[in-house]
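Okay, data.tsv now, which holds TSV, C-alpha atoms:
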```tsv
chain	number	residue	atom	x	y	z
H	1	ARG	CA	-218.71	74.63	-25.55
H	2	VAL	CA	-216.27	72.46	-23.52
H	3	ASN	CA	-212.71	72.37	-24.81
H	4	GLN	CA	-212.59	68.65	-25.63
H	5	THR	CA	-209.72	66.85	-27.32
H	6	THR	CA	-208.16	63.45	-27.81
H	7	VAL	CA	-205.69	63.11	-24.96
H	8	SER	CA	-202.45	61.26	-25.75
H	9	ASP	CA	-200.86	61.80	-22.35
H	10	PHE	CA	-201.31	63.28	-18.88
H	11	LEU	CA	-199.02	65.30	-16.65
H	12	LEU	CA	-198.14	63.94	-13.20
H	13	LEU	CA	-197.30	67.05	-11.19
H	14	GLY	CA	-195.56	64.95	-8.54
H	15	LEU	CA	-194.60	66.13	-5.08
H	16	SER	CA	-192.63	69.29	-5.83
H	17	GLU	CA	-191.99	71.48	-8.85
H	18	GLN	CA	-188.94	73.16	-7.32
H	19	PRO	CA	-185.80	72.01	-9.20
H	20	GLU	CA	-183.55	72.09	-6.13
H	21	GLN	CA	-185.79	69.51	-4.39
H	22	GLN	CA	-185.92	67.04	-7.28
H	23	LEU	CA	-182.51	65.45	-6.65
H	24	LEU	CA	-183.30	65.03	-2.94
H	25	LEU	CA	-186.69	63.45	-3.72
H	26	PHE	CA	-185.06	61.12	-6.26
H	27	GLY	CA	-182.53	59.88	-3.71
H	28	ILE	CA	-185.08	59.44	-0.92
H	29	PHE	CA	-187.65	57.57	-2.99
H	30	LEU	CA	-185.07	55.43	-4.80
H	31	GLY	CA	-183.71	54.33	-1.42
H	32	MET	CA	-187.19	53.63	-0.03
H	33	TYR	CA	-188.23	51.73	-3.16
H	34	LEU	CA	-185.13	49.51	-3.08
H	35	VAL	CA	-185.68	48.77	0.62
H	36	THR	CA	-189.33	47.93	-0.14
H	37	VAL	CA	-188.60	45.52	-2.98
H	38	VAL	CA	-185.57	43.85	-1.38
H	39	GLY	CA	-187.23	43.61	2.06
H	40	ASN	CA	-190.41	42.01	0.74
H	41	LEU	CA	-188.50	39.61	-1.52
H	42	ILE	CA	-186.39	38.51	1.46
H	43	ILE	CA	-189.60	37.79	3.41
H	44	ILE	CA	-190.87	35.66	0.49
H	45	LEU	CA	-187.56	33.78	0.21
H	46	ALA	CA	-187.38	33.20	3.98
H	47	ILE	CA	-190.91	31.79	4.10
H	48	SER	CA	-190.53	29.61	1.01
H	49	SER	CA	-187.15	28.19	2.12
H	50	ASP	CA	-188.16	27.27	5.70
H	51	PRO	CA	-190.55	24.29	6.02
H	52	HIS	CA	-191.51	25.45	9.54
H	53	LEU	CA	-193.15	28.51	7.97
H	54	HIS	CA	-195.29	26.58	5.50
H	55	THR	CA	-198.43	27.44	7.45
H	56	PRO	CA	-201.53	29.46	6.44
H	57	MET	CA	-200.40	32.59	8.31
H	58	TYR	CA	-197.04	32.74	6.54
H	59	PHE	CA	-198.56	31.65	3.21
H	60	PHE	CA	-200.72	34.77	3.26
H	61	LEU	CA	-197.84	36.89	4.57
H	62	ALA	CA	-195.70	35.85	1.59
H	63	ASN	CA	-198.52	36.85	-0.76
H	64	LEU	CA	-198.95	40.15	1.11
H	65	SER	CA	-195.22	40.84	0.63
H	66	LEU	CA	-195.56	40.10	-3.08
H	67	ALA	CA	-198.58	42.43	-3.33
H	68	ASP	CA	-196.69	45.17	-1.46
H	69	ALA	CA	-193.66	44.95	-3.76
H	70	CYS	CA	-195.90	45.03	-6.85
H	71	PHE	CA	-198.05	47.85	-5.43
H	72	SER	CA	-195.03	50.13	-4.97
H	73	SER	CA	-193.65	49.09	-8.37
H	74	THR	CA	-196.73	50.38	-10.18
H	75	SER	CA	-196.06	54.04	-9.33
H	76	ILE	CA	-192.60	54.67	-7.84
H	77	PRO	CA	-190.43	53.66	-10.86
H	78	LYS	CA	-192.43	56.02	-13.12
H	79	MET	CA	-192.08	58.84	-10.60
H	80	LEU	CA	-188.32	58.24	-10.40
H	81	ALA	CA	-188.06	58.14	-14.20
H	82	ASN	CA	-189.95	61.45	-14.49
H	83	ILE	CA	-187.67	63.11	-11.91
H	84	TYR	CA	-184.55	61.76	-13.65
H	85	THR	CA	-185.66	62.87	-17.14
H	86	GLN	CA	-187.21	66.11	-15.81
H	87	SER	CA	-190.49	65.18	-17.48
H	88	GLN	CA	-193.98	65.04	-16.00
H	89	ALA	CA	-195.63	63.14	-18.84
H	90	ILE	CA	-197.27	59.73	-18.71
H	91	SER	CA	-198.96	58.30	-21.79
H	92	TYR	CA	-202.71	57.72	-21.88
H	93	SER	CA	-202.24	53.95	-22.11
H	94	GLY	CA	-199.52	54.06	-19.45
H	95	CYS	CA	-201.80	55.95	-17.09
H	96	LEU	CA	-204.68	53.49	-17.50
H	97	THR	CA	-202.29	50.54	-17.10
H	98	GLN	CA	-200.93	52.08	-13.90
H	99	LEU	CA	-204.49	52.70	-12.71
H	100	TYR	CA	-205.42	49.04	-13.26
H	101	PHE	CA	-202.44	47.68	-11.32
H	102	LEU	CA	-202.80	50.24	-8.51
H	103	ILE	CA	-206.42	49.19	-7.96
H	104	THR	CA	-205.56	45.49	-8.29
H	105	PHE	CA	-202.65	45.38	-5.84
H	106	GLY	CA	-204.17	47.97	-3.48
H	107	GLY	CA	-207.37	45.94	-3.29
H	108	LEU	CA	-205.39	42.70	-2.96
H	109	ASP	CA	-203.55	44.18	0.04
H	110	ASN	CA	-206.87	44.89	1.76
H	111	CYS	CA	-208.34	41.47	0.99
H	112	LEU	CA	-205.21	39.68	2.23
H	113	LEU	CA	-205.25	41.68	5.47
H	114	ALA	CA	-208.88	40.59	5.96
H	115	VAL	CA	-208.05	36.93	5.27
H	116	MET	CA	-205.09	37.12	7.69
H	117	ALA	CA	-207.44	38.50	10.36
H	118	TYR	CA	-209.77	35.53	9.74
H	119	ASP	CA	-206.77	33.19	10.02
H	120	ARG	CA	-205.90	34.64	13.45
H	121	TYR	CA	-209.56	34.35	14.52
H	122	VAL	CA	-209.68	30.63	13.65
H	123	ALA	CA	-206.26	29.98	15.27
H	124	ILE	CA	-207.25	31.64	18.57
H	125	CYS	CA	-211.00	31.04	18.81
H	126	GLN	CA	-211.30	27.64	17.11
H	127	PRO	CA	-207.87	26.00	17.48
H	128	LEU	CA	-209.24	22.43	17.27
H	129	HIS	CA	-210.75	23.15	13.84
H	130	TYR	CA	-207.76	25.12	12.52
H	131	SER	CA	-206.29	22.37	10.35
H	132	THR	CA	-209.60	21.80	8.55
H	133	ALA	CA	-210.80	25.44	8.44
H	134	MET	CA	-207.44	26.59	7.05
H	135	SER	CA	-206.46	23.58	4.96
H	136	PRO	CA	-204.06	24.13	2.01
H	137	LYS	CA	-206.92	23.72	-0.47
H	138	LEU	CA	-209.09	26.33	1.33
H	139	CYS	CA	-206.12	28.72	1.64
H	140	ALA	CA	-205.48	28.45	-2.12
H	141	LEU	CA	-209.20	29.01	-2.74
H	142	MET	CA	-209.24	32.13	-0.53
H	143	LEU	CA	-206.16	33.48	-2.29
H	144	GLY	CA	-207.78	32.84	-5.67
H	145	MET	CA	-210.93	34.63	-4.54
H	146	CYS	CA	-208.83	37.62	-3.41
H	147	TRP	CA	-207.22	37.83	-6.86
H	148	LEU	CA	-210.58	37.46	-8.61
H	149	LEU	CA	-212.36	40.03	-6.41
H	150	THR	CA	-209.64	42.61	-7.08
H	151	ASN	CA	-208.92	41.95	-10.76
H	152	CYS	CA	-212.51	42.02	-12.03
H	153	PRO	CA	-213.49	45.45	-10.58
H	154	ALA	CA	-210.07	46.89	-11.49
H	155	LEU	CA	-210.44	45.74	-15.10
H	156	THR	CA	-214.06	46.93	-15.26
H	157	HIS	CA	-213.16	50.39	-13.92
H	158	THR	CA	-210.19	50.70	-16.30
H	159	LEU	CA	-212.35	49.74	-19.32
H	160	LEU	CA	-214.99	52.27	-18.24
H	161	MET	CA	-212.28	54.94	-18.13
H	162	THR	CA	-211.49	54.28	-21.79
H	163	CYS	CA	-215.07	55.35	-22.64
H	164	LEU	CA	-214.55	58.86	-21.21
H	165	ALA	CA	-213.61	61.93	-23.24
H	166	PHE	CA	-211.00	64.16	-21.61
H	167	CYS	CA	-210.61	67.91	-21.76
H	168	ALA	CA	-207.53	69.80	-22.86
H	169	GLN	CA	-206.60	70.24	-19.18
H	170	LYS	CA	-204.59	67.10	-18.34
H	171	ALA	CA	-202.61	67.85	-15.16
H	172	ILE	CA	-202.96	65.31	-12.31
H	173	PRO	CA	-201.88	66.78	-8.94
H	174	HIS	CA	-200.27	63.49	-7.80
H	175	PHE	CA	-197.23	61.34	-8.58
H	176	TYR	CA	-199.51	58.55	-9.87
H	177	CYS	CA	-202.74	58.24	-11.85
H	178	ASP	CA	-205.31	58.69	-9.11
H	179	PRO	CA	-208.81	57.54	-10.22
H	180	SER	CA	-210.65	60.47	-8.62
H	181	ALA	CA	-208.23	63.01	-10.12
H	182	LEU	CA	-208.67	61.43	-13.56
H	183	LEU	CA	-212.46	61.73	-13.36
H	184	LYS	CA	-212.13	65.46	-12.65
H	185	LEU	CA	-210.38	65.86	-16.03
H	186	ALA	CA	-213.19	64.17	-17.97
H	187	CYS	CA	-215.58	66.19	-20.14
H	188	SER	CA	-218.17	63.44	-20.59
H	189	ASP	CA	-220.60	62.03	-18.03
H	190	THR	CA	-218.75	60.22	-15.22
H	191	GLY	CA	-221.79	58.94	-13.30
H	192	ILE	CA	-221.14	55.23	-13.90
H	193	ASN	CA	-217.42	55.69	-13.16
H	194	GLU	CA	-218.20	57.39	-9.84
H	195	LEU	CA	-220.62	54.56	-9.01
H	196	MET	CA	-217.83	52.09	-9.78
H	197	ILE	CA	-215.46	53.92	-7.40
H	198	ILE	CA	-218.10	53.75	-4.63
H	199	THR	CA	-218.58	50.02	-5.35
H	200	MET	CA	-214.81	49.40	-5.18
H	201	GLY	CA	-214.66	51.40	-1.95
H	202	LEU	CA	-217.27	49.09	-0.44
H	203	MET	CA	-215.47	45.99	-1.73
H	204	PHE	CA	-211.87	46.96	-0.97
H	205	LEU	CA	-212.26	49.13	2.12
H	206	THR	CA	-215.57	48.69	3.93
H	207	ALA	CA	-216.01	44.91	3.57
H	208	PRO	CA	-212.41	43.95	4.53
H	209	LEU	CA	-212.43	46.44	7.41
H	210	LEU	CA	-215.71	45.01	8.76
H	211	LEU	CA	-214.31	41.48	8.55
H	212	ILE	CA	-211.13	42.58	10.36
H	213	VAL	CA	-213.10	44.38	13.10
H	214	LEU	CA	-215.44	41.41	13.61
H	215	SER	CA	-212.48	39.03	13.75
H	216	TYR	CA	-210.70	41.11	16.39
H	217	VAL	CA	-213.88	41.55	18.44
H	218	ARG	CA	-214.19	37.76	18.61
H	219	ILE	CA	-210.43	37.40	19.27
H	220	SER	CA	-210.59	39.96	22.11
H	221	TRP	CA	-213.58	38.18	23.63
H	222	ALA	CA	-211.71	34.85	23.53
H	223	VAL	CA	-208.43	36.29	24.82
H	224	PHE	CA	-209.98	38.08	27.79
H	225	SER	CA	-211.65	34.83	28.83
H	226	ILE	CA	-208.17	33.31	29.33
H	227	SER	CA	-207.40	33.34	33.06
H	228	SER	CA	-203.59	33.62	32.97
H	229	PRO	CA	-201.96	36.94	31.92
H	230	GLY	CA	-199.21	34.97	30.19
H	231	GLY	CA	-201.74	33.15	28.04
H	232	ARG	CA	-203.45	36.41	27.08
H	233	TRP	CA	-200.16	38.00	26.07
H	234	LYS	CA	-199.13	34.96	24.02
H	235	ALA	CA	-202.46	34.98	22.16
H	236	PHE	CA	-202.39	38.73	21.48
H	237	SER	CA	-198.71	38.72	20.48
H	238	THR	CA	-199.54	36.64	17.38
H	239	CYS	CA	-201.83	39.48	16.22
H	240	GLY	CA	-199.66	42.51	17.03
H	241	SER	CA	-197.83	42.79	13.70
H	242	HIS	CA	-200.99	42.30	11.65
H	243	LEU	CA	-202.94	44.83	13.70
H	244	THR	CA	-200.17	47.43	13.31
H	245	VAL	CA	-200.18	47.07	9.51
H	246	VAL	CA	-204.00	47.20	9.40
H	247	LEU	CA	-204.11	50.46	11.37
H	248	LEU	CA	-201.38	52.11	9.30
H	249	PHE	CA	-202.83	51.05	5.95
H	250	PHE	CA	-206.52	51.76	6.53
H	251	VAL	CA	-205.98	55.08	8.32
H	252	SER	CA	-203.81	56.38	5.45
H	253	VAL	CA	-206.21	55.17	2.74
H	254	MET	CA	-209.19	56.69	4.53
H	255	GLY	CA	-207.24	59.94	4.80
H	256	VAL	CA	-207.27	60.13	1.00
H	257	TYR	CA	-210.61	58.66	-0.04
H	258	LEU	CA	-213.11	58.80	2.83
H	259	LEU	CA	-212.69	62.25	4.39
H	260	PRO	CA	-215.18	64.98	3.36
H	261	PRO	CA	-214.08	66.95	0.24
H	262	SER	CA	-213.96	70.18	2.30
H	263	THR	CA	-211.03	68.74	4.30
H	264	HIS	CA	-209.05	67.69	1.23
H	265	SER	CA	-205.91	69.45	0.07
H	266	THR	CA	-203.34	68.35	-2.50
H	267	GLU	CA	-200.61	68.43	0.12
H	268	SER	CA	-202.47	66.29	2.68
H	269	GLU	CA	-203.55	63.80	0.00
H	270	SER	CA	-199.95	63.52	-1.24
H	271	ARG	CA	-198.67	62.81	2.27
H	272	ALA	CA	-201.31	60.10	2.81
H	273	ALA	CA	-200.60	58.63	-0.65
H	274	ILE	CA	-196.86	58.45	0.14
H	275	LEU	CA	-197.71	56.67	3.37
H	276	TYR	CA	-199.73	53.86	1.80
H	277	ASN	CA	-197.87	53.70	-1.54
H	278	VAL	CA	-194.30	53.80	-0.23
H	279	VAL	CA	-193.85	53.90	3.54
H	280	ILE	CA	-196.18	51.06	4.64
H	281	PRO	CA	-194.98	48.54	1.99
H	282	MET	CA	-191.42	49.42	3.09
H	283	LEU	CA	-192.21	48.95	6.80
H	284	ASN	CA	-194.16	45.69	6.48
H	285	PRO	CA	-191.08	43.39	6.32
H	286	PHE	CA	-189.69	45.03	9.46
H	287	ILE	CA	-193.02	44.95	11.31
H	288	TYR	CA	-193.52	41.24	10.57
H	289	SER	CA	-189.95	40.13	11.26
H	290	LEU	CA	-188.51	42.21	14.13
H	291	ARG	CA	-190.81	40.80	16.84
H	292	ASN	CA	-191.40	37.38	15.29
H	293	LYS	CA	-189.12	34.59	16.53
H	294	ASP	CA	-190.06	32.24	13.68
H	295	MET	CA	-189.26	34.87	11.03
H	296	LYS	CA	-185.98	35.77	12.76
H	297	ALA	CA	-184.96	32.11	12.77
H	298	ALA	CA	-185.91	31.75	9.08
H	299	LEU	CA	-183.92	34.87	8.17
H	300	ARG	CA	-180.86	33.63	10.08
H	301	LYS	CA	-181.15	30.29	8.30
H	302	LEU	CA	-181.56	32.02	4.91
H	303	PHE	CA	-178.53	34.26	5.29
H	304	GLY	CA	-176.55	31.54	7.08
H	305	SER	CA	-177.07	29.15	4.17
H	306	GLY	CA	-176.12	31.95	1.79
H	307	LYS	CA	-172.79	32.43	3.62
H	308	THR	CA	-172.19	28.68	3.62
H	309	SER	CA	-172.77	28.40	-0.13
H	310	LEU	CA	-170.42	31.32	-0.76
H	311	LEU	CA	-167.69	29.56	1.22
```
Using structure tokens, write down the structure that the file contains.
Amino acid sequence: RVNQTTVSDFLLLGLSEQPEQQLLLFGIFLGMYLVTVVGNLIIILAISSDPHLHTPMYFFLANLSLADACFSSTSIPKMLANIYTQSQAISYSGCLTQLYFLITFGGLDNCLLAVMAYDRYVAICQPLHYSTAMSPKLCALMLGMCWLLTNCPALTHTLLMTCLAFCAQKAIPHFYCDPSALLKLACSDTGINELMIITMGLMFLTAPLLLIVLSYVRISWAVFSISSPGGRWKAFSTCGSHLTVVLLFFVSVMGVYLLPPSTHSTESESRAAILYNVVIPMLNPFIYSLRNKDMKAALRKLFGSGKTSLL
């Protein structure tokens, strides 16, 4: 007979159980989390305060920054709190709540990256139709669809998790409530839950990635038909930041969820999870602003106006 019980909490084993490393981890992840939140909020403020950036590309970038800040906020504060209190516990309801928001904002990131790829495709391949194809009403509709397509599966999967019975073993070998790790702790049948994870993988990984690849195939075809090297570089330069983020995000996510089980290890999964939970959301503001003249100008204006108001 399976040792089945009513679980009131789970244990997040985190990144290291060695006491001497806990203080170092706390300092590193607190610093990275603050940079992530502040950096992405600055991007949102810069875009919203500069009328020149009220375009579809920057509209979706502002929403991507919001999703990144929220995505990191679903797991990192709890990990920091556990390190500070020297506790590994997370309540049952807290774990499912974290699971819901992780799926929601992780999926929203992917959908927004796909929509941004489509935006670049229309701008480069169909410039004459850009104002109608990416009108404010259609941009708001696409954003609403992104939220709907991520919230509904996330809520469905979370509700299905509440139907599972869990065994006495309740240790999760991650610093967050990973859906696959949670299913391994269940004593009841997880068939429908595993089907839901496959469905979400198709919706949040495969479909956005296909749309991104198709968009860049069309973009490449259009760019290489431009005769002047200067024109090619100018067209490609508008896609460089987005393409960098896409590669970083999808490679790290695939490293956790799409590799064969025989290649999985807790250590490699943790490294990949840190990359897409913490590092990439932290790097996004730098990737999108360092080589972008419009963003640099908006940031100078934002901080310049701040200095003026202080004087």
Under the rule that only C-alpha atoms are counted, which of H:Thr150, H:Ser65, H:Thr206, H:Gln21 is the nearest residue to Tyr288 (chain H)?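 Of all the options, H:Ser65 lies closest to Tyr288 (chain H).
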Coordinates of box centre and edge lengths for region 202-215 of chain H, 8 Å on every side, axis-aligned, as AutoDock Vina command-line options:
```
--center_x -214.2 --center_y 44.1 --center_z 6.0 --size_x 22.1 --size_y 26.1 --size_z 31.5
```
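Our summary of the geometry notes that CA of Leu160 (chain H) is positioned 23.4 Å from CA of Lys78 (chain H).
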Counting only C-alpha atoms, which residue out of H:Ile198, H:Pro285, H:Ser241, H:Ile219 sits closest to Leu41 (chain H)? H:Pro285
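Taking all atoms listed in the file, the non-local environment of Ala67 (chain H) within 10 Å (same-chain residues fewer than 6 positions away omitted) comprises Asn40, Leu61, Ser73, Thr104, Phe105, Gly106, Gly107, Leu108, Asp109, Leu112 and Pro281 of chain H.
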Atom pair CA of Thr190 (chain H) / CA of Ala165 (chain H): separation (Å):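 Separation of CA of Thr190 (chain H) and CA of Ala165 (chain H): 9.7 Å.
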Across H:Val278, H:Val223, H:Leu205, H:Leu302, the smallest distance to Val251 (chain H), with only C-alpha atoms counted, is shown by H:Leu205
Do you know which residues are at most 10 Å from Leu15 (chain H) counting all atoms listed in the file, after dropping those on the same chain fewer than 5 positions away, and could you put them as a list in words?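 Here the answer would be Gln21, Gln22, Leu25, Met79, Pro173, His174, Phe175, Thr266, Glu267, Ser270, Arg271 and Ile274 of chain H.
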Calculate how many Å separate CA of Val213 (chain H) from CA of Glu269 (chain H), rounding to one decimal.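 Straight-line distance from CA of Val213 (chain H) to CA of Glu269 (chain H) works out to 25.3 Å.
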Using all atoms listed in the file, find the one residue out of H:Met282, H:Pro229, H:Leu113, H:Pro136 that sits nearest to Leu210 (chain H). H:Leu113
So that I can check the surroundings of region 138-141 of chain H, please list as a tab-separated table (two decimals) with C-alpha atoms, in the frame of the given file every protein, DNA and RNA residue that reaches within 9 Å of it, counting all atoms listed in the file and ignoring chain neighbours fewer than 4 positions away.
```tsv
chain	number	residue	atom	x	y	z
H	56	PRO	CA	-201.53	29.46	6.44
H	59	PHE	CA	-198.56	31.65	3.21
H	60	PHE	CA	-200.72	34.77	3.26
H	132	THR	CA	-209.60	21.80	8.55
H	133	ALA	CA	-210.80	25.44	8.44
H	134	MET	CA	-207.44	26.59	7.05
H	145	MET	CA	-210.93	34.63	-4.54
H	146	CYS	CA	-208.83	37.62	-3.41
```
Write out as a PyMOL selection string each polymer residue whose atoms come within 7 Å of Ile47 (chain H), counting only C-alpha atoms; drop sequence neighbours fewer than 5 positions from it. chain H and resi 53-54+58+62
Shell around His242 (chain H) at 10 Å using only C-alpha atoms, local window under 4 positions removed, as a PyMOL selection string: chain H and resi 61+113-114+116-117+120+237-238+246-247+284+287-288
